[in-house]
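Trainee: Here it is, the structure in full.
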Number of protein chains: 2
Amino acid sequence: MSVTAAQGFSAAGVAAGIKQNGNPDLALVVNHGPRLAAAGVFTSNRVKAAPVLWSEQVLRGGAVSAVVLNSGGANACTGPRGFQDTHATAEKVAEALNAAGVAGGEHNAGEIAVASTGLIGVLLPMDKLLPGVESATAALSEDGGEAAAVAIKTTDTVHKTATAGQDGWTVGGMAKGAGMLAPGLATMLVVLTTDADLDSATLDKALRAATRTTFDRVDSDGCMSTNDTVLLLASGASGVVPEYDAFAEAVRTVCDDLARQLIGDAEGASKDIRIEVINAADEDDAVEVGRSIARNNLLKCAVHGEDPNWGRVLSAIGTTGASFDPDRLNVAINGVWVCRNGSVGEDRELVSMKEREVRITADLVAGDASAVIWTNDLTADYVHENSAYSS
Amino acid sequence: MSVTAAQGFSAAGVAAGIKQNGNPDLALVVNHGPRLAAAGVFTSNRVKAAPVLWSEQVLRGGAVSAVVLNSGGANACTGPRGFQDTHATAEKVAEALNAAGVAGGEHNAGEIAVASTGLIGVLLPMDKLLPGVESATAALSEDGGEAAAVAIKTTDTVHKTATAGQDGWTVGGMAKGAGMLAPGLATMLVVLTTDADLDSATLDKALRAATRTTFDRVDSDGCMSTNDTVLLLASGASGVVPEYDAFAEAVRTVCDDLARQLIGDAEGASKDIRIEVINAADEDDAVEVGRSIARNNLLKCAVHGEDPNWGRVLSAIGTTGASFDPDRLNVAINGVWVCRNGSVGEDRELVSMKEREVRITADLVAGDASAVIWTNDLTADYVHENSAYSS
């Protein structure tokens with residue numbers, strides 16, 4: 001399904017030879033219109049990859065006719081040459097689409113978004129990437145969404161797609177990412193498409209609302225990417241103008257589905273940890289506490305060892321500036337309140353942590369706001385995968 | 001040498017049976033005067049262990065006649081009962097010292113500091129700890145510093161002591177800690193002693209100045225303890241009143257020595273990483289950037305793999321609010337400037353990372369302030385040790 005679930009889009013995924021192992025590494029998604037509306041959300045890392053700097057500019061125009069994505073190299077920290085390479089890639093896509101007479105009007109580089117993922121600090125092999133754009137253009141298909149999702153994988157073990165929608169319109173998407181985002185050095189790339197007939201301002205509003213409570217609350221390893229990119233393109237091909245709330249909910253559903261798939265496939269992880277902070281004074285407090293828990297390496301090790309070590313949860317809460325009284329904190333692990341009033345609660349032997357999903361609930365007893373953050377355990381496999389990545 | 005290197009102190013370390021493996025687990029350090037001046041620095045974690053809450057109160061008086069320390073249990077998150085246990089421990093020490101007629105005047109619980117380390121959320125076995133206080137009192141000796149240093153070990157593989165001084169006065173100290181501090185869930189306990197004739201205000205000033213640039217800049221795993229305690233006791237037994245600057249430098253030297261020993265013995269670590277941030281706009285920026293690099297799990301894995309992955313350094317810098325231009329950042333690893341102007345610099349093949357110590361230099365090109373933060377690599381052994389700790 002993926003990015004071609006919605007009408008008005010074609011896509012392709014090919015092996016351009018950027019990856020040395022010969023796996024697919026170049027994806028192309030084309031919007032055939034009649035609309036070319038688009039919105040985007042990018043990494044907040046101040047060290048931004050060349051394709052992020054480029055695509056931020058493209059998105060300012062609110063129109064995107066195509067997205068070209070490569071795995072096998074992040075094109076981050078590559079200086080002026082890296083930016084020139086991104087620009088050349090967009091020019092090449094426009095040229096190839098025009099030469100092939102691909103529907104969607106006259107393509108120009110200023111409406112072509114670029115996304116890259118892989119190692120930082122390495123220039124892309126343009127002698128392979130540019131011919132790959134021609135191959136991808138030739139391979140474009142209304143069924144190409146799966147192939148595109150496969151081509152953007154790096155250390156992902158599976159490709160990730162999702163769809164939602166109703167009443168004649170659809171939202172579809174694909175994602176890659178196996179380390180993480182918001183947080184996310186292993187870089188998250190997401191492309192969502194819809195055939196709903198909506199303008200870029202509406203798309204932007206729905207996309208920002210959705211990412212705020214989905215991708216932004218997935219924190220696998222606390223490491224923020226230089227390349228994170230989430231794009232939403234609308235073709236208007238369904239001719240349907242959905243109610244905003246229904247559309248926003250569909251976008252949120254697809255984002256949430258993809259975000260969960262990212263956590264479920266995080267590098268080396270054996271557990272998906274759902275951290276729910278309840279009864280916080282406000283949502284910011286809930287998110288701050290959730291993120292502090294999610295980034296506590298000792299807790300992540302404990303979860304890996306299926307050890308209901310609630311002391312590490314309290315220790316993480318204690319480092320935040322959130323409103324709470326240490327002597328009133330409650331913590332449940334998989335529903336067992338092992339910590340009550342900041343001290344020993346129910347018997348920790350009652351907690352079973354055999355399942356992949358582990359639920360931690362932190363009750364701040366300070367208000368009525370809440371938030372959910374997802375993370376993973378810390379494992380020897382994570383260490384192995386990330387100590388051998390570039391060498 | 002340890003805490004009995006300075007005149008006017010005795011110490012002991014005994015096995016009270018708090019640890020199930022029968023290893024030494026109770027240490028006692030007594031100040032015989034003539035002065036009982038003291039200063040202390042404690043964890044900034046808002047979830048504080050009972051002994052921290054107790055000792056903070058004791059230190060307010062500026063006088064400490066003895067310190068009792070136990071390993072085998074942190075007495076953190078143990079509620080009112082835990083605080084009562086700490087209080088009872090201090091009372092027991094006063095009673096035992098008075099019964100034994102230990103020099104230093106009439107002891108009272110209000111001048112006895114308590115420190116604990118070990119698992120959070122478990123009550124201490126007082127039926128073993130209190131008799132242990134009597135054994136420790138009986139074992140007090142002017143040569144007891146080493147035994148005390150051994151008795152406060154948890155996952156430490158070696159005990160840690162250091163001394164400095166001149167012209168008839170000495171500063172000596174012991175430390176435990178193998179996860180970390182400032183940051184530091186595996187809890188750092190440090191006791192420093194001196195025979196210099198100084199008041200508590202002077203001790204406090206010297207201690208805070210020393211910890212700010214030593215223990216506070218050691219960040220092994222980003223996890224802040226509920227129990228971190230650093231105490232400095234002065235007996236005045238040398239009768240010498242040193243120059244403040246010379247004394248402060250001796251305190252700093254001992255703190256720095258112990259801090260380096262903590263990093264060198266961090267749980268599961270195979271590398272000690274010295275992160276120096278140079279040319280920062282101010283010291284706060286330098287510390288913020290250094291800490292962000294020190295806490296980046298992906299970088300810590302890369303160092304473990306002896307991979308000079310400077311992209312992960314830039315990615316960590318990019319998450320901070322410090323003053324810098326991403327296109328002017330320079331990064332050296334073991335002296336090789338692998339990143340220049342935010343992009344590829346010298347050949348990464350020139351970097352050798354075989355030695356245990358790895359030096360990362362981040363040049364912000366934004367001013368003339370600098371700071372050094374120490375951390376460790378992230379290893380499968382760290383995961384193993386911390387996923388099996390309490391189970």
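Ordering of the structure tokens sets the chain letters (A, B, ...), residue numbers begin anew at 1 in every chain, and ligands are numbered from 1 in the order given.
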Output as JSON lines one row per residue of chain B within 7 Å of chain A: the closest atom pair and its distance in Å to one decimal place, counting only C-alpha atoms, sorted by chain and residue number ascending.

Mentor:
{"residue": "B:Asn45", "atom": "CA", "partner": "A:Gly318", "partner_atom": "CA", "distance": 5.0}
{"residue": "B:Arg46", "atom": "CA", "partner": "A:Gly318", "partner_atom": "CA", "distance": 4.4}
{"residue": "B:Val47", "atom": "CA", "partner": "A:Gly318", "partner_atom": "CA", "distance": 4.7}
{"residue": "B:Cys77", "atom": "CA", "partner": "A:Ser343", "partner_atom": "CA", "distance": 4.6}
{"residue": "B:Thr78", "atom": "CA", "partner": "A:Ser343", "partner_atom": "CA", "distance": 4.8}
{"residue": "B:Gly79", "atom": "CA", "partner": "A:Ser343", "partner_atom": "CA", "distance": 5.1}
{"residue": "B:Ile120", "atom": "CA", "partner": "A:Gly311", "partner_atom": "CA", "distance": 5.1}
{"residue": "B:Gly121", "atom": "CA", "partner": "A:Gly311", "partner_atom": "CA", "distance": 5.8}
{"residue": "B:Asp221", "atom": "CA", "partner": "A:Asn297", "partner_atom": "CA", "distance": 7.0}
{"residue": "B:Cys223", "atom": "CA", "partner": "A:Asn296", "partner_atom": "CA", "distance": 6.2}
{"residue": "B:Met224", "atom": "CA", "partner": "A:Ser315", "partner_atom": "CA", "distance": 6.9}
{"residue": "B:Ser225", "atom": "CA", "partner": "A:Ser315", "partner_atom": "CA", "distance": 6.6}
{"residue": "B:Thr226", "atom": "CA", "partner": "A:Ser315", "partner_atom": "CA", "distance": 6.2}
{"residue": "B:Asn296", "atom": "CA", "partner": "A:Cys223", "partner_atom": "CA", "distance": 6.3}
{"residue": "B:Asn297", "atom": "CA", "partner": "A:Asp221", "partner_atom": "CA", "distance": 7.0}
{"residue": "B:Leu298", "atom": "CA", "partner": "A:Asn386", "partner_atom": "CA", "distance": 6.2}
{"residue": "B:Cys301", "atom": "CA", "partner": "A:Ser387", "partner_atom": "CA", "distance": 4.6}
{"residue": "B:Ala302", "atom": "CA", "partner": "A:Ser387", "partner_atom": "CA", "distance": 4.3}
{"residue": "B:His304", "atom": "CA", "partner": "A:Ser387", "partner_atom": "CA", "distance": 6.0}
{"residue": "B:Gly305", "atom": "CA", "partner": "A:Ser387", "partner_atom": "CA", "distance": 4.4}
{"residue": "B:Asp307", "atom": "CA", "partner": "A:Ser391", "partner_atom": "CA", "distance": 6.4}
{"residue": "B:Gly311", "atom": "CA", "partner": "A:Ile120", "partner_atom": "CA", "distance": 5.1}
{"residue": "B:Leu314", "atom": "CA", "partner": "A:Val47", "partner_atom": "CA", "distance": 6.8}
{"residue": "B:Ser315", "atom": "CA", "partner": "A:Val47", "partner_atom": "CA", "distance": 6.2}
{"residue": "B:Gly318", "atom": "CA", "partner": "A:Arg46", "partner_atom": "CA", "distance": 4.4}
{"residue": "B:Thr319", "atom": "CA", "partner": "A:Asn45", "partner_atom": "CA", "distance": 5.1}
{"residue": "B:Pro326", "atom": "CA", "partner": "A:Val47", "partner_atom": "CA", "distance": 5.7}
{"residue": "B:Gly342", "atom": "CA", "partner": "A:Cys77", "partner_atom": "CA", "distance": 5.5}
{"residue": "B:Ser343", "atom": "CA", "partner": "A:Cys77", "partner_atom": "CA", "distance": 4.6}
{"residue": "B:Val344", "atom": "CA", "partner": "A:Gly121", "partner_atom": "CA", "distance": 6.0}
{"residue": "B:Leu378", "atom": "CA", "partner": "A:Val383", "partner_atom": "CA", "distance": 6.7}
{"residue": "B:Thr379", "atom": "CA", "partner": "A:Val383", "partner_atom": "CA", "distance": 5.9}
{"residue": "B:Ala380", "atom": "CA", "partner": "A:Ala380", "partner_atom": "CA", "distance": 4.2}
{"residue": "B:Val383", "atom": "CA", "partner": "A:Cys301", "partner_atom": "CA", "distance": 5.5}
{"residue": "B:Asn386", "atom": "CA", "partner": "A:Cys301", "partner_atom": "CA", "distance": 5.5}
{"residue": "B:Ser387", "atom": "CA", "partner": "A:Ala302", "partner_atom": "CA", "distance": 4.3}
{"residue": "B:Ala388", "atom": "CA", "partner": "A:Gly305", "partner_atom": "CA", "distance": 6.0}
{"residue": "B:Ser391", "atom": "CA", "partner": "A:Asp307", "partner_atom": "CA", "distance": 6.3}

Trainee: Env of range 206-218 of chain B: 9 Å cut, atoms = only C-alpha atoms, seq-sep filter 6 positions within chain, self excluded. Answer as a PyMOL selection string.

Mentor: chain B and resi 39-41+180-183+230-232+244-245+247-249+251-260+262-263+287+290-291+371-375

Trainee: Could you write out, as a list in words, all the residues of range 8-53 of chain B that DSSP marks as helix (DSSP H, G or I)?

Mentor: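 These are the residues in question: Ala50, Pro51, Val52 and Leu53 of chain B.
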
Trainee: Separation of CA of Ala74 in chain B and CA of Thr193 in chain B, in Å?

Mentor: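 Answer for the CA of Ala74 in chain B to CA of Thr193 in chain B separation: 23.0 Å.
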
Trainee: Considering only C-alpha atoms, return as a PyMOL selection string whatever protein or nucleic-acid residues lie within 7 Å of range 147-162 of chain B, sequence-local ones (same chain, fewer than 6 positions apart) excluded.

Mentor: chain B and resi 1-2+11-14+24-28+69-72+118+172-178+254+257-258+261+265

Trainee: Set the distance at 6 Å and use only C-alpha atoms: which residues neighbour Ala37 in chain A once local chain neighbours fewer than 4 positions away are removed? I'd like the list as a compact mmCIF listing (two decimals) with C-alpha atoms, in the first residue's frame.

Mentor:
# COMPACT_ATOMS: atom_id res chain seq x y z
CA GLY A 62 4.05 24.55 -0.43
CA ALA A 63 4.30 22.48 -3.64
CA ASP A 199 -4.05 22.92 0.42
CA SER A 200 -0.56 22.99 1.93
CA LEU A 233 1.98 15.25 -0.21
CA ALA A 234 -1.56 15.73 -1.49

Trainee: Write out as a PDB file with all heavy atoms, in the first residue's frame which residues come within 7 Å of Asp368 in chain B when counting only C-alpha atoms, dropping same-chain ones fewer than 4 positions away.

Mentor:
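For reference, result_29.pdb as written:
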ATOM      1  N   ILE B 278      36.654  23.280  23.168  1.00  0.00           N
ATOM      2  CA  ILE B 278      37.494  24.486  23.154  1.00  0.00           C
ATOM      3  C   ILE B 278      36.839  25.595  22.340  1.00  0.00           C
ATOM      4  O   ILE B 278      35.928  25.346  21.538  1.00  0.00           O
ATOM      5  CB  ILE B 278      38.907  24.188  22.613  1.00  0.00           C
ATOM      6  CG1 ILE B 278      38.840  23.709  21.161  1.00  0.00           C
ATOM      7  CG2 ILE B 278      39.618  23.150  23.472  1.00  0.00           C
ATOM      8  CD1 ILE B 278      40.219  23.563  20.494  1.00  0.00           C
ATOM      9  N   ASN B 279      37.313  26.815  22.601  1.00  0.00           N
ATOM     10  CA  ASN B 279      36.836  27.989  21.871  1.00  0.00           C
ATOM     11  C   ASN B 279      35.312  28.144  21.929  1.00  0.00           C
ATOM     12  O   ASN B 279      34.660  28.482  20.938  1.00  0.00           O
ATOM     13  CB  ASN B 279      37.314  27.955  20.414  1.00  0.00           C
ATOM     14  CG  ASN B 279      38.834  27.968  20.326  1.00  0.00           C
ATOM     15  OD1 ASN B 279      39.491  28.675  21.105  1.00  0.00           O
ATOM     16  ND2 ASN B 279      39.400  27.190  19.419  1.00  0.00           N
ATOM     17  N   ALA B 280      34.761  27.855  23.114  1.00  0.00           N
ATOM     18  CA  ALA B 280      33.332  28.060  23.339  1.00  0.00           C
ATOM     19  C   ALA B 280      33.090  29.512  23.753  1.00  0.00           C
ATOM     20  O   ALA B 280      34.004  30.191  24.244  1.00  0.00           O
ATOM     21  CB  ALA B 280      32.838  27.124  24.440  1.00  0.00           C
ATOM     22  N   ALA B 281      31.866  29.975  23.570  1.00  0.00           N
ATOM     23  CA  ALA B 281      31.535  31.357  23.925  1.00  0.00           C
ATOM     24  C   ALA B 281      31.675  31.571  25.429  1.00  0.00           C
ATOM     25  O   ALA B 281      32.110  32.627  25.880  1.00  0.00           O
ATOM     26  CB  ALA B 281      30.119  31.691  23.458  1.00  0.00           C
TER      27      ALA B 281
END
